[in-house]
>>> print(open('entry_19.pdb').read())   # PDB, C-alpha atoms
ATOM      1  CA  MET A   1      84.425  49.161 -85.330
ATOM      2  CA  GLU A   2      84.016  52.939 -85.309
ATOM      3  CA  ASN A   3      81.295  54.103 -82.971
ATOM      4  CA  GLY A   4      80.741  57.803 -83.350
ATOM      5  CA  SER A   5      77.798  59.822 -82.143
ATOM      6  CA  GLN A   6      76.662  60.949 -85.605
ATOM      7  CA  PRO A   7      73.502  59.231 -86.810
ATOM      8  CA  VAL A   8      74.173  56.735 -89.590
ATOM      9  CA  VAL A   9      71.856  56.760 -92.602
ATOM     10  CA  VAL A  10      71.637  54.129 -95.341
ATOM     11  CA  ILE A  11      70.136  55.381 -98.590
ATOM     12  CA  SER A  12      69.635  53.115-101.579
ATOM     13  CA  GLY A  13      70.192  54.600-105.004
ATOM     14  CA  GLY A  14      72.003  57.683-103.773
ATOM     15  CA  SER A  15      73.800  58.521-106.998
ATOM     16  CA  ARG A  16      71.201  60.648-108.785
ATOM     17  CA  GLY A  17      67.818  62.340-108.534
ATOM     18  CA  LEU A  18      66.018  62.140-105.213
ATOM     19  CA  GLY A  19      68.692  59.803-103.815
ATOM     20  CA  GLN A  20      71.386  62.360-104.581
ATOM     21  CA  ALA A  21      69.343  65.119-102.926
ATOM     22  CA  LEU A  22      68.857  62.926 -99.840
ATOM     23  CA  VAL A  23      72.573  62.098 -99.600
ATOM     24  CA  ALA A  24      73.474  65.794 -99.878
ATOM     25  CA  ASP A  25      70.884  66.789 -97.276
ATOM     26  CA  PHE A  26      71.861  64.206 -94.663
ATOM     27  CA  LEU A  27      75.590  64.909 -95.137
ATOM     28  CA  ALA A  28      74.994  68.661 -94.801
ATOM     29  CA  ARG A  29      73.265  68.010 -91.490
ATOM     30  CA  GLY A  30      76.236  66.093 -90.120
ATOM     31  CA  HIS A  31      75.010  62.547 -90.602
ATOM     32  CA  VAL A  32      77.128  59.641 -91.769
ATOM     33  CA  VAL A  33      75.734  58.426 -95.084
ATOM     34  CA  ALA A  34      76.184  54.989 -96.627
ATOM     35  CA  THR A  35      74.742  54.516-100.086
ATOM     36  CA  PHE A  36      75.027  52.304-103.121
ATOM     37  CA  SER A  37      74.115  52.314-106.772
ATOM     38  CA  ARG A  38      74.852  50.193-109.808
ATOM     39  CA  GLU A  39      77.190  52.845-111.215
ATOM     40  CA  PRO A  40      78.967  55.833-109.724
ATOM     41  CA  THR A  41      78.087  59.293-110.986
ATOM     42  CA  GLN A  42      79.963  62.561-110.954
ATOM     43  CA  PHE A  43      78.171  63.401-107.714
ATOM     44  CA  ILE A  44      79.345  60.171-106.070
ATOM     45  CA  GLU A  45      82.887  60.529-107.361
ATOM     46  CA  SER A  46      83.150  64.106-106.077
ATOM     47  CA  LEU A  47      82.051  62.991-102.614
ATOM     48  CA  ARG A  48      84.488  60.073-102.625
ATOM     49  CA  GLN A  49      87.379  62.263-103.689
ATOM     50  CA  ASP A  50      86.753  64.925-101.050
ATOM     51  CA  GLN A  51      88.874  64.043 -98.005
ATOM     52  CA  ALA A  52      86.479  65.986 -95.799
ATOM     53  CA  ASN A  53      83.949  63.169 -96.408
ATOM     54  CA  ALA A  54      86.347  60.318 -95.688
ATOM     55  CA  ALA A  55      84.767  59.489 -92.332
ATOM     56  CA  SER A  56      81.185  60.385 -93.159
ATOM     57  CA  PHE A  57      80.509  59.014 -96.648
ATOM     58  CA  PHE A  58      80.586  55.413 -97.842
ATOM     59  CA  TRP A  59      79.531  54.204-101.284
ATOM     60  CA  GLU A  60      79.628  50.809-102.940
ATOM     61  CA  ARG A  61      78.774  49.645-106.403
ATOM     62  CA  LEU A  62      76.109  46.994-106.159
ATOM     63  CA  ASP A  63      72.782  45.825-107.473
ATOM     64  CA  GLY A  64      70.115  46.243-104.817
ATOM     65  CA  ALA A  65      68.276  43.191-106.134
ATOM     66  CA  ASP A  66      71.191  40.954-105.063
ATOM     67  CA  TYR A  67      70.547  40.006-101.430
ATOM     68  CA  GLU A  68      74.057  38.774-100.676
ATOM     69  CA  SER A  69      75.614  42.018-101.917
ATOM     70  CA  VAL A  70      73.132  44.089 -99.930
ATOM     71  CA  LYS A  71      73.809  42.048 -96.792
ATOM     72  CA  LYS A  72      77.593  42.502 -97.171
ATOM     73  CA  PHE A  73      77.120  46.255 -97.713
ATOM     74  CA  VAL A  74      75.048  46.588 -94.535
ATOM     75  CA  LEU A  75      77.542  44.547 -92.498
ATOM     76  CA  ALA A  76      80.394  46.681 -93.887
ATOM     77  CA  THR A  77      78.505  49.809 -92.820
ATOM     78  CA  VAL A  78      78.004  48.421 -89.322
ATOM     79  CA  ARG A  79      81.689  47.443 -89.056
ATOM     80  CA  ARG A  80      82.722  50.971 -90.057
ATOM     81  CA  HIS A  81      80.221  52.941 -88.001
ATOM     82  CA  GLY A  82      78.782  50.592 -85.385
ATOM     83  CA  ARG A  83      75.128  51.365 -86.053
ATOM     84  CA  ILE A  84      72.376  52.180 -88.514
ATOM     85  CA  ASP A  85      69.837  54.752 -87.382
ATOM     86  CA  VAL A  86      67.929  55.490 -90.571
ATOM     87  CA  LEU A  87      67.161  53.616 -93.762
ATOM     88  CA  VAL A  88      65.693  55.347 -96.810
ATOM     89  CA  ASN A  89      64.585  52.857 -99.450
ATOM     90  CA  ASN A  90      64.829  55.096-102.489
ATOM     91  CA  ALA A  91      66.253  52.969-105.304
ATOM     92  CA  ALA A  92      63.721  52.150-107.984
ATOM     93  CA  THR A  93      63.395  51.566-111.668
ATOM     94  CA  GLY A  94      60.606  52.577-113.956
ATOM     95  CA  ALA A  95      58.649  49.970-115.855
ATOM     96  CA  ASP A  96      56.652  51.860-118.418
ATOM     97  CA  GLY A  97      54.404  50.273-120.987
ATOM     98  CA  VAL A  98      51.101  48.477-121.246
ATOM     99  CA  LEU A  99      51.372  45.172-119.404
ATOM    100  CA  THR A 100      50.436  42.970-122.325
ATOM    101  CA  LEU A 101      53.404  44.273-124.324
ATOM    102  CA  MET A 102      55.960  43.937-121.536
ATOM    103  CA  ARG A 103      58.506  41.148-121.617
ATOM    104  CA  PRO A 104      58.644  38.805-118.602
ATOM    105  CA  GLU A 105      62.224  39.849-117.834
ATOM    106  CA  GLU A 106      61.187  43.538-117.686
ATOM    107  CA  ILE A 107      58.416  42.661-115.243
ATOM    108  CA  HIS A 108      60.737  40.534-113.134
ATOM    109  CA  ARG A 109      63.442  43.203-113.044
ATOM    110  CA  ALA A 110      61.037  45.929-111.899
ATOM    111  CA  ILE A 111      59.705  43.724-109.099
ATOM    112  CA  ALA A 112      63.240  42.641-108.146
ATOM    113  CA  VAL A 113      64.604  46.189-107.910
ATOM    114  CA  ASN A 114      61.587  48.064-106.541
ATOM    115  CA  LEU A 115      60.198  45.522-104.128
ATOM    116  CA  GLU A 116      62.583  42.646-103.438
ATOM    117  CA  GLY A 117      65.509  45.048-103.210
ATOM    118  CA  ALA A 118      63.661  47.165-100.655
ATOM    119  CA  VAL A 119      62.713  44.073 -98.654
ATOM    120  CA  HIS A 120      66.316  42.794 -98.696
ATOM    121  CA  LEU A 121      67.612  46.103 -97.433
ATOM    122  CA  ILE A 122      65.011  46.308 -94.671
ATOM    123  CA  HIS A 123      65.783  42.678 -93.689
ATOM    124  CA  ALA A 124      69.462  43.532 -93.286
ATOM    125  CA  CYS A 125      69.126  46.985 -91.693
ATOM    126  CA  ALA A 126      66.237  46.148 -89.369
ATOM    127  CA  ARG A 127      68.393  43.480 -87.723
ATOM    128  CA  VAL A 128      70.947  46.131 -86.840
ATOM    129  CA  MET A 129      68.197  48.445 -85.605
ATOM    130  CA  LEU A 130      66.694  45.592 -83.554
ATOM    131  CA  ALA A 131      70.009  45.128 -81.747
ATOM    132  CA  ARG A 132      69.828  48.775 -80.578
ATOM    133  CA  GLU A 133      66.012  48.902 -80.332
ATOM    134  CA  GLN A 134      65.826  52.081 -82.331
ATOM    135  CA  GLY A 135      65.610  53.178 -85.913
ATOM    136  CA  SER A 136      63.550  54.838 -88.600
ATOM    137  CA  ILE A 137      62.766  53.409 -92.014
ATOM    138  CA  VAL A 138      61.258  55.414 -94.867
ATOM    139  CA  ASN A 139      60.174  53.719 -98.069
ATOM    140  CA  VAL A 140      59.846  55.945-101.131
ATOM    141  CA  SER A 141      56.542  55.011-102.697
ATOM    142  CA  SER A 142      54.558  56.992-105.307
ATOM    143  CA  VAL A 143      51.178  58.506-106.015
ATOM    144  CA  ASN A 144      50.930  55.661-108.516
ATOM    145  CA  ALA A 145      50.411  53.412-105.494
ATOM    146  CA  LEU A 146      47.252  55.358-104.696
ATOM    147  CA  ARG A 147      45.746  56.027-108.100
ATOM    148  CA  GLY A 148      45.748  53.961-111.277
ATOM    149  CA  HIS A 149      47.368  55.136-114.474
ATOM    150  CA  SER A 150      47.617  53.273-117.730
ATOM    151  CA  GLY A 151      51.109  52.194-118.678
ATOM    152  CA  VAL A 152      52.616  51.921-115.184
ATOM    153  CA  SER A 153      50.873  48.860-113.778
ATOM    154  CA  ILE A 154      53.996  47.004-112.611
ATOM    155  CA  TYR A 155      55.591  50.142-111.155
ATOM    156  CA  SER A 156      52.304  50.926-109.377
ATOM    157  CA  ALA A 157      52.088  47.378-108.046
ATOM    158  CA  THR A 158      55.574  47.554-106.567
ATOM    159  CA  LYS A 159      54.891  50.908-104.928
ATOM    160  CA  ALA A 160      51.538  49.801-103.511
ATOM    161  CA  ALA A 161      53.327  46.727-102.157
ATOM    162  CA  LEU A 162      55.840  49.009-100.429
ATOM    163  CA  ASP A 163      52.978  50.794 -98.663
ATOM    164  CA  GLY A 164      51.545  47.480 -97.463
ATOM    165  CA  LEU A 165      55.005  46.426 -96.304
ATOM    166  CA  THR A 166      55.291  49.750 -94.460
ATOM    167  CA  ARG A 167      52.101  49.206 -92.472
ATOM    168  CA  SER A 168      52.840  45.616 -91.495
ATOM    169  CA  LEU A 169      56.421  46.336 -90.542
ATOM    170  CA  ALA A 170      55.330  49.327 -88.475
ATOM    171  CA  ARG A 171      53.228  46.919 -86.405
ATOM    172  CA  GLU A 172      55.962  44.306 -86.265
ATOM    173  CA  LEU A 173      58.904  46.545 -85.405
ATOM    174  CA  GLY A 174      57.160  49.293 -83.420
ATOM    175  CA  PRO A 175      57.393  47.438 -80.097
ATOM    176  CA  GLN A 176      61.168  47.404 -80.604
ATOM    177  CA  GLY A 177      61.399  51.154 -81.117
ATOM    178  CA  ILE A 178      61.643  51.093 -84.916
ATOM    179  CA  ARG A 179      59.335  53.349 -86.943
ATOM    180  CA  VAL A 180      58.419  52.582 -90.549
ATOM    181  CA  ASN A 181      56.732  55.085 -92.856
ATOM    182  CA  SER A 182      56.472  55.712 -96.543
ATOM    183  CA  VAL A 183      56.472  58.853 -98.654
ATOM    184  CA  ALA A 184      54.445  58.997-101.856
ATOM    185  CA  PRO A 185      55.737  61.736-104.117
ATOM    186  CA  GLY A 186      53.708  63.002-106.987
ATOM    187  CA  TYR A 187      55.389  64.053-110.167
ATOM    188  CA  PHE A 188      58.637  65.798-109.482
ATOM    189  CA  ASP A 189      61.620  66.688-111.619
ATOM    190  CA  SER A 190      63.517  63.454-111.911
ATOM    191  CA  ASP A 191      64.847  61.088-114.555
ATOM    192  CA  MET A 192      61.670  59.101-114.262
ATOM    193  CA  VAL A 193      59.442  61.969-115.436
ATOM    194  CA  SER A 194      61.876  63.374-117.963
ATOM    195  CA  SER A 195      60.014  61.506-120.709
ATOM    196  CA  LEU A 196      56.814  63.498-120.126
ATOM    197  CA  THR A 197      55.973  65.925-122.889
ATOM    198  CA  GLU A 198      55.429  69.576-122.019
ATOM    199  CA  GLU A 199      51.694  69.068-122.656
ATOM    200  CA  GLN A 200      51.622  66.197-120.172
ATOM    201  CA  ARG A 201      53.461  68.267-117.582
ATOM    202  CA  GLN A 202      51.034  71.160-118.014
ATOM    203  CA  ARG A 203      48.072  68.815-117.661
ATOM    204  CA  ILE A 204      49.487  67.578-114.344
ATOM    205  CA  VAL A 205      50.086  71.162-113.201
ATOM    206  CA  ARG A 206      46.476  72.129-114.054
ATOM    207  CA  ARG A 207      45.173  69.195-111.999
ATOM    208  CA  THR A 208      47.391  70.054-109.025
ATOM    209  CA  PRO A 209      45.728  72.414-106.511
ATOM    210  CA  LEU A 210      49.075  73.947-105.598
ATOM    211  CA  GLY A 211      49.763  74.646-109.252
ATOM    212  CA  ARG A 212      53.191  73.111-109.860
ATOM    213  CA  LEU A 213      55.190  69.922-109.982
ATOM    214  CA  ALA A 214      57.027  68.917-106.842
ATOM    215  CA  THR A 215      60.719  69.500-106.472
ATOM    216  CA  SER A 216      63.067  66.925-104.988
ATOM    217  CA  GLN A 217      63.492  69.273-102.011
ATOM    218  CA  ASP A 218      59.750  69.036-101.284
ATOM    219  CA  VAL A 219      60.216  65.282-100.874
ATOM    220  CA  VAL A 220      63.534  65.562 -99.015
ATOM    221  CA  ALA A 221      61.878  67.857 -96.445
ATOM    222  CA  VAL A 222      59.207  65.271 -95.659
ATOM    223  CA  ILE A 223      61.749  62.466 -95.353
ATOM    224  CA  ARG A 224      63.855  64.713 -93.131
ATOM    225  CA  PHE A 225      60.830  65.221 -90.873
ATOM    226  CA  LEU A 226      59.836  61.544 -90.781
ATOM    227  CA  THR A 227      63.347  60.472 -89.813
ATOM    228  CA  SER A 228      63.655  63.156 -87.127
ATOM    229  CA  THR A 229      62.662  63.030 -83.465
ATOM    230  CA  GLU A 230      59.828  65.417 -84.320
ATOM    231  CA  ALA A 231      58.060  62.460 -85.929
ATOM    232  CA  SER A 232      58.715  60.154 -82.976
ATOM    233  CA  PHE A 233      55.028  59.225 -82.663
ATOM    234  CA  ILE A 234      54.427  58.640 -86.373
ATOM    235  CA  THR A 235      54.665  55.147 -87.782
ATOM    236  CA  GLY A 236      52.839  53.040 -90.341
ATOM    237  CA  GLN A 237      51.860  56.109 -92.377
ATOM    238  CA  THR A 238      52.161  57.090 -96.025
ATOM    239  CA  LEU A 239      52.704  60.823 -96.470
ATOM    240  CA  VAL A 240      51.693  62.032 -99.898
ATOM    241  CA  VAL A 241      53.739  64.888-101.349
ATOM    242  CA  ASP A 242      51.839  65.853-104.487
ATOM    243  CA  GLY A 243      50.482  69.393-104.089
ATOM    244  CA  GLY A 244      46.996  67.933-103.686
ATOM    245  CA  LEU A 245      46.967  66.060-107.015
ATOM    246  CA  THR A 246      45.344  62.975-105.493
ATOM    247  CA  CYS A 247      43.115  64.664-102.905
TER     248      CYS A 247
ATOM    249  CA  MET B   1      81.566  27.262 -70.695
ATOM    250  CA  ASP B   2      83.097  28.229 -74.046
ATOM    251  CA  HIS B   3      82.974  31.758 -75.424
ATOM    252  CA  ILE B   4      79.981  30.993 -77.650
ATOM    253  CA  GLU B   5      77.919  29.703 -74.761
ATOM    254  CA  GLU B   6      78.994  32.692 -72.682
ATOM    255  CA  LYS B   7      77.937  35.137 -75.402
ATOM    256  CA  VAL B   8      74.629  33.374 -76.122
ATOM    257  CA  HIS B   9      73.764  33.288 -72.408
ATOM    258  CA  GLU B  10      74.686  36.970 -72.038
ATOM    259  CA  VAL B  11      72.501  38.096 -74.935
ATOM    260  CA  VAL B  12      69.554  35.838 -74.055
ATOM    261  CA  LEU B  13      69.659  37.094 -70.457
ATOM    262  CA  ARG B  14      69.782  40.727 -71.616
ATOM    263  CA  VAL B  15      66.750  40.315 -73.869
ATOM    264  CA  CYS B  16      64.803  38.212 -71.340
ATOM    265  CA  GLN B  17      65.341  40.707 -68.547
ATOM    266  CA  GLN B  18      63.712  43.429 -70.603
ATOM    267  CA  ARG B  19      60.543  41.372 -70.560
ATOM    268  CA  SER B  20      60.948  39.800 -67.121
ATOM    269  CA  PRO B  21      63.410  41.513 -64.803
ATOM    270  CA  ALA B  22      62.975  38.594 -62.369
ATOM    271  CA  ILE B  23      65.005  36.272 -64.646
ATOM    272  CA  SER B  24      68.480  36.282 -63.154
ATOM    273  CA  LYS B  25      70.307  33.470 -64.869
ATOM    274  CA  ILE B  26      70.290  31.392 -68.012
ATOM    275  CA  ASP B  27      71.090  27.727 -68.414
ATOM    276  CA  ASN B  28      71.131  25.455 -71.421
ATOM    277  CA  GLY B  29      68.053  23.487 -70.368
ATOM    278  CA  GLN B  30      65.678  26.462 -70.358
ATOM    279  CA  ARG B  31      63.028  26.447 -73.077
ATOM    280  CA  LEU B  32      63.131  29.590 -75.186
ATOM    281  CA  THR B  33      59.414  30.187 -75.728
ATOM    282  CA  GLY B  34      58.070  28.393 -72.670
ATOM    283  CA  GLU B  35      60.119  29.107 -69.610
ATOM    284  CA  LEU B  36      61.859  32.208 -70.935
ATOM    285  CA  GLY B  37      58.755  33.520 -72.703
ATOM    286  CA  LEU B  38      60.574  34.781 -75.803
ATOM    287  CA  ALA B  39      58.407  36.037 -78.657
ATOM    288  CA  SER B  40      59.393  36.035 -82.343
ATOM    289  CA  LEU B  41      60.709  39.563 -82.226
ATOM    290  CA  ASP B  42      62.769  38.811 -79.100
ATOM    291  CA  PHE B  43      64.276  35.920 -81.018
ATOM    292  CA  ALA B  44      64.958  38.188 -83.981
ATOM    293  CA  ARG B  45      66.704  40.635 -81.680
ATOM    294  CA  ILE B  46      68.855  37.915 -80.115
ATOM    295  CA  ILE B  47      69.916  36.689 -83.550
ATOM    296  CA  ALA B  48      70.604  40.259 -84.699
ATOM    297  CA  ILE B  49      72.855  40.984 -81.716
ATOM    298  CA  LEU B  50      74.652  37.644 -82.029
ATOM    299  CA  GLU B  51      75.221  38.217 -85.735
ATOM    300  CA  ILE B  52      76.978  41.492 -84.970
ATOM    301  CA  ASP B  53      78.926  40.108 -82.001
ATOM    302  CA  LEU B  54      79.838  36.652 -83.370
ATOM    303  CA  GLY B  55      79.860  37.526 -87.073
ATOM    304  CA  THR B  56      77.607  34.668 -88.082
ATOM    305  CA  ASP B  57      73.956  33.804 -88.597
ATOM    306  CA  PRO B  58      73.414  30.036 -88.467
ATOM    307  CA  PHE B  59      69.798  30.419 -89.539
ATOM    308  CA  SER B  60      70.485  32.112 -92.869
ATOM    309  CA  CYS B  61      71.193  28.775 -94.538
ATOM    310  CA  GLN B  62      72.286  26.089 -92.093
ATOM    311  CA  SER B  63      70.129  25.496 -89.042
ATOM    312  CA  PRO B  64      66.357  25.740 -89.174
ATOM    313  CA  ILE B  65      65.168  28.321 -86.681
ATOM    314  CA  THR B  66      62.062  26.282 -85.965
ATOM    315  CA  GLY B  67      64.316  23.630 -84.441
ATOM    316  CA  MET B  68      65.447  25.876 -81.593
ATOM    317  CA  ARG B  69      63.717  24.756 -78.426
ATOM    318  CA  THR B  70      66.235  25.463 -75.672
ATOM    319  CA  VAL B  71      69.131  27.760 -74.941
ATOM    320  CA  GLY B  72      71.386  24.755 -75.457
ATOM    321  CA  ASP B  73      69.990  24.293 -78.998
ATOM    322  CA  LEU B  74      70.914  27.897 -79.719
ATOM    323  CA  CYS B  75      74.460  27.416 -78.423
ATOM    324  CA  ASP B  76      74.858  24.290 -80.549
ATOM    325  CA  ALA B  77      73.653  26.121 -83.669
ATOM    326  CA  TYR B  78      76.220  28.883 -83.184
ATOM    327  CA  ARG B  79      79.009  26.382 -82.407
ATOM    328  CA  LYS B  80      78.146  24.491 -85.585
ATOM    329  CA  ALA B  81      78.144  27.712 -87.575
ATOM    330  CA  GLN B  82      81.554  28.706 -86.268
ATOM    331  CA  CYS B  83      82.983  25.395 -87.438
ATOM    332  CA  ALA B  84      81.242  25.235 -90.823
ATOM    333  CA  PRO B  85      82.615  26.599 -94.120
ATOM    334  CA  ALA B  86      81.890  30.328 -94.470
ATOM    335  CA  GLU B  87      79.528  29.998 -97.440
ATOM    336  CA  ALA B  88      77.285  27.614 -95.509
ATOM    337  CA  THR B  89      76.669  30.040 -92.672
ATOM    338  CA  GLY B  90      76.652  33.480 -94.188
ATOM    339  CA  LYS B  91      79.742  34.192 -92.093
ATOM    340  CA  LYS B  92      82.350  36.423 -93.650
ATOM    341  CA  PRO B  93      85.776  34.742 -93.933
TER     342      PRO B  93
END
>>> encode(input="entry_19.pdb", output="structure tokens")
Amino acid sequence: MENGSQPVVVISGGSRGLGQALVADFLARGHVVATFSREPTQFIESLRQDQANAASFFWERLDGADYESVKKFVLATVRRHGRIDVLVNNAATGADGVLTLMRPEEIHRAIAVNLEGAVHLIHACARVMLAREQGSIVNVSSVNALRGHSGVSIYSATKAALDGLTRSLARELGPQGIRVNSVAPGYFDSDMVSSLTEEQRQRIVRRTPLGRLATSQDVVAVIRFLTSTEASFITGQTLVVDGGLTC
Amino acid sequence: MDHIEEKVHEVVLRVCQQRSPAISKIDNGQRLTGELGLASLDFARIIAILEIDLGTDPFSCQSPITGMRTVGDLCDAYRKAQCAPAEATGKKP
């Protein structure tokens, strides 16, 4: 088992969007990054093919809703690197549509990926963190957990559940040196908002005090802070990154 | 004392001493929550460390965790897990 001094970060859904930005940021700062996604992307393949990343980047193809696969991935990460210091629960799927028109399997899938998957990953990683009595967990939530919007009820429910999970786990794991926080981004450029029309985007911008959509770097910066020693006395909190949209 | 008992005693002692430095030794008759004063999270930590060190978690599908009363019960659960088929224990082959 390798046991280097670089912090080891597990990021779910690191192949695109915010996950990709997080992987790039942590790698650039000298962390070891272990991530997974259902499919590789060009970004993942380029990292895997670069020999300079051989010791610091680990990716596996898996479905985060499958507990056994997640458990094996976490154990493989621990065998390779000896520790897990940070977990970022980023993987999520959208579930757009009015509830009464959604199929049961769409509802189940959204809950399985967004909530059960996050719980499975925390269950596996927190055990490793417990063994060392240290760690930081950040769950990527959403402003939809704070405010209601038509057409995203299941997505909102899963994100609100993540915030509740965050608070309880902060109480449960805090005595063992493990911090748990969540980050609630507003609308930022990602696959999940690519379906917005220009009119919808402009309406959001008009309602945002800081006058723009977020960028993925706005969210990455907050996650970077929460997982750093500068946030060592912050736990159980949800930091909203929305330019004031929900204030 | 076999290697499982040795490892279980070592980890239980390590975790107990963080709560109560006065505890100096572990034996199989000691009650986990009574005499040793272990709380749920202490138990979780012991299981987490043993999973990494022994490569198995008997409580994932085989032994009920609520049945663990003494250190000896814990040793027996890990011995049983080491002997059981891999898929019954969550242990990697």
>>> closest_atom_pairs(input="entry_19.pdb", of="chain A", to="chain B", cutoff="9 Å", atoms="only C-alpha atoms", output="CSV")
residue,atom,partner,partner_atom,distance
A:Glu68,CA,B:Gly90,CA,8.8
A:Lys72,CA,B:Lys92,CA,8.5
A:Leu75,CA,B:Ile52,CA,8.1
A:Val78,CA,B:Ile52,CA,8.2
A:Arg79,CA,B:Ile52,CA,8.6
A:Ala126,CA,B:Ala48,CA,8.7
A:Arg127,CA,B:Ala48,CA,4.9
A:Val128,CA,B:Ala48,CA,6.3
A:Met129,CA,B:Ala48,CA,8.6
A:Leu130,CA,B:Arg45,CA,5.3
A:Ala131,CA,B:Ile49,CA,5.0
A:Arg132,CA,B:Ile49,CA,8.4
A:Glu133,CA,B:Arg45,CA,8.4
A:Glu172,CA,B:Leu41,CA,7.8
A:Leu173,CA,B:Leu41,CA,7.9
A:Pro175,CA,B:Leu41,CA,8.8
A:Gln176,CA,B:Leu41,CA,8.0
>>> write_last_selection(input="entry_19.pdb", atoms="C-alpha atoms", output="PDB file, in the frame of the given file")
ATOM      1  CA  GLU A  68      74.057  38.774-100.676  1.00  0.00           C
ATOM      2  CA  LYS A  72      77.593  42.502 -97.171  1.00  0.00           C
ATOM      3  CA  LEU A  75      77.542  44.547 -92.498  1.00  0.00           C
ATOM      4  CA  VAL A  78      78.004  48.421 -89.322  1.00  0.00           C
ATOM      5  CA  ARG A  79      81.689  47.443 -89.056  1.00  0.00           C
ATOM      6  CA  ALA A 126      66.237  46.148 -89.369  1.00  0.00           C
ATOM      7  CA  ARG A 127      68.393  43.480 -87.723  1.00  0.00           C
ATOM      8  CA  VAL A 128      70.947  46.131 -86.840  1.00  0.00           C
ATOM      9  CA  MET A 129      68.197  48.445 -85.605  1.00  0.00           C
ATOM     10  CA  LEU A 130      66.694  45.592 -83.554  1.00  0.00           C
ATOM     11  CA  ALA A 131      70.009  45.128 -81.747  1.00  0.00           C
ATOM     12  CA  ARG A 132      69.828  48.775 -80.578  1.00  0.00           C
ATOM     13  CA  GLU A 133      66.012  48.902 -80.332  1.00  0.00           C
ATOM     14  CA  GLU A 172      55.962  44.306 -86.265  1.00  0.00           C
ATOM     15  CA  LEU A 173      58.904  46.545 -85.405  1.00  0.00           C
ATOM     16  CA  PRO A 175      57.393  47.438 -80.097  1.00  0.00           C
ATOM     17  CA  GLN A 176      61.168  47.404 -80.604  1.00  0.00           C
TER      18      GLN A 176
END
>>> resolve_selection(input="entry_19.pdb", expression="the PyMOL selection byres ((chain B and resi 14) around 12)", output="list in words")
Ala131 of chain A; Lys7, Val8, His9, Glu10, Val11, Val12, Leu13, Val15, Cys16, Gln17, Gln18, Arg19, Ser20, Pro21, Ala22, Ile23, Ser24, Lys25, Ile26, Leu36, Leu38, Asp42, Phe43, Arg45, Ile46, Ile49 and Leu50 of chain B
>>> atom_distance(input="entry_19.pdb", atom1="CA of Gly117 (chain A)", atom2="CA of Asp242 (chain A)")
24.9 Å
>>> residues_around(input="entry_19.pdb", residues="Arg206 (chain A)", least_positions_apart="6", cutoff="12 Å", atoms="all atoms listed in the file", output="number ranges by chain")
A: 199-200, 212-213, 243-245
>>> resolve_selection(input="entry_19.pdb", expression="the PyMOL selection byres ((chain A and resi 96-104) around 7)", output="short mmCIF file (atom, residue, chain, number, x, y, z; two decimals) with C-alpha atoms, in the frame of the given file")
data_model
loop_
_atom_site.label_atom_id
_atom_site.label_comp_id
_atom_site.auth_asym_id
_atom_site.auth_seq_id
_atom_site.Cartn_x
_atom_site.Cartn_y
_atom_site.Cartn_z
CA GLY A 94 60.61 52.58 -113.96
CA ALA A 95 58.65 49.97 -115.86
CA GLU A 105 62.22 39.85 -117.83
CA GLU A 106 61.19 43.54 -117.69
CA ILE A 107 58.42 42.66 -115.24
CA HIS A 108 60.74 40.53 -113.13
CA SER A 150 47.62 53.27 -117.73
CA GLY A 151 51.11 52.19 -118.68
CA VAL A 152 52.62 51.92 -115.18
CA SER A 153 50.87 48.86 -113.78
#
>>> residues_near_point(input="entry_19.pdb", point="(48.4, 59.6, -115.8)", cutoff="12 Å", atoms="all atoms listed in the file", output="PDB file with C-alpha atoms, keeping the file's coordinate frame")
ATOM      1  CA  ASP A  96      56.652  51.860-118.418  1.00  0.00           C
ATOM      2  CA  VAL A 143      51.178  58.506-106.015  1.00  0.00           C
ATOM      3  CA  ASN A 144      50.930  55.661-108.516  1.00  0.00           C
ATOM      4  CA  LEU A 146      47.252  55.358-104.696  1.00  0.00           C
ATOM      5  CA  ARG A 147      45.746  56.027-108.100  1.00  0.00           C
ATOM      6  CA  GLY A 148      45.748  53.961-111.277  1.00  0.00           C
ATOM      7  CA  HIS A 149      47.368  55.136-114.474  1.00  0.00           C
ATOM      8  CA  SER A 150      47.617  53.273-117.730  1.00  0.00           C
ATOM      9  CA  GLY A 151      51.109  52.194-118.678  1.00  0.00           C
ATOM     10  CA  VAL A 152      52.616  51.921-115.184  1.00  0.00           C
ATOM     11  CA  SER A 153      50.873  48.860-113.778  1.00  0.00           C
ATOM     12  CA  SER A 156      52.304  50.926-109.377  1.00  0.00           C
ATOM     13  CA  GLY A 186      53.708  63.002-106.987  1.00  0.00           C
ATOM     14  CA  TYR A 187      55.389  64.053-110.167  1.00  0.00           C
ATOM     15  CA  VAL A 193      59.442  61.969-115.436  1.00  0.00           C
ATOM     16  CA  LEU A 196      56.814  63.498-120.126  1.00  0.00           C
ATOM     17  CA  GLN A 200      51.622  66.197-120.172  1.00  0.00           C
ATOM     18  CA  ARG A 201      53.461  68.267-117.582  1.00  0.00           C
ATOM     19  CA  ARG A 203      48.072  68.815-117.661  1.00  0.00           C
ATOM     20  CA  ILE A 204      49.487  67.578-114.344  1.00  0.00           C
ATOM     21  CA  VAL A 205      50.086  71.162-113.201  1.00  0.00           C
ATOM     22  CA  ARG A 207      45.173  69.195-111.999  1.00  0.00           C
ATOM     23  CA  LEU A 245      46.967  66.060-107.015  1.00  0.00           C
ATOM     24  CA  THR A 246      45.344  62.975-105.493  1.00  0.00           C
TER      25      THR A 246
END
>>> axis_aligned_box(input="entry_19.pdb", around="region 146-156 of chain A", padding_each_side="4 Å", output="JSON")
{"center_x": 50.7, "center_y": 51.5, "center_z": -111.7, "size_x": 17.8, "size_y": 17.0, "size_z": 22.0}
>>> residues_around(input="entry_19.pdb", residues="Ser228 (chain A)", least_positions_apart="3", cutoff="12 Å", atoms="all atoms listed in the file", output="PyMOL selection string")
chain A and resi 7+9+26+29+31+85-86+135-138+179+221-225+231-234
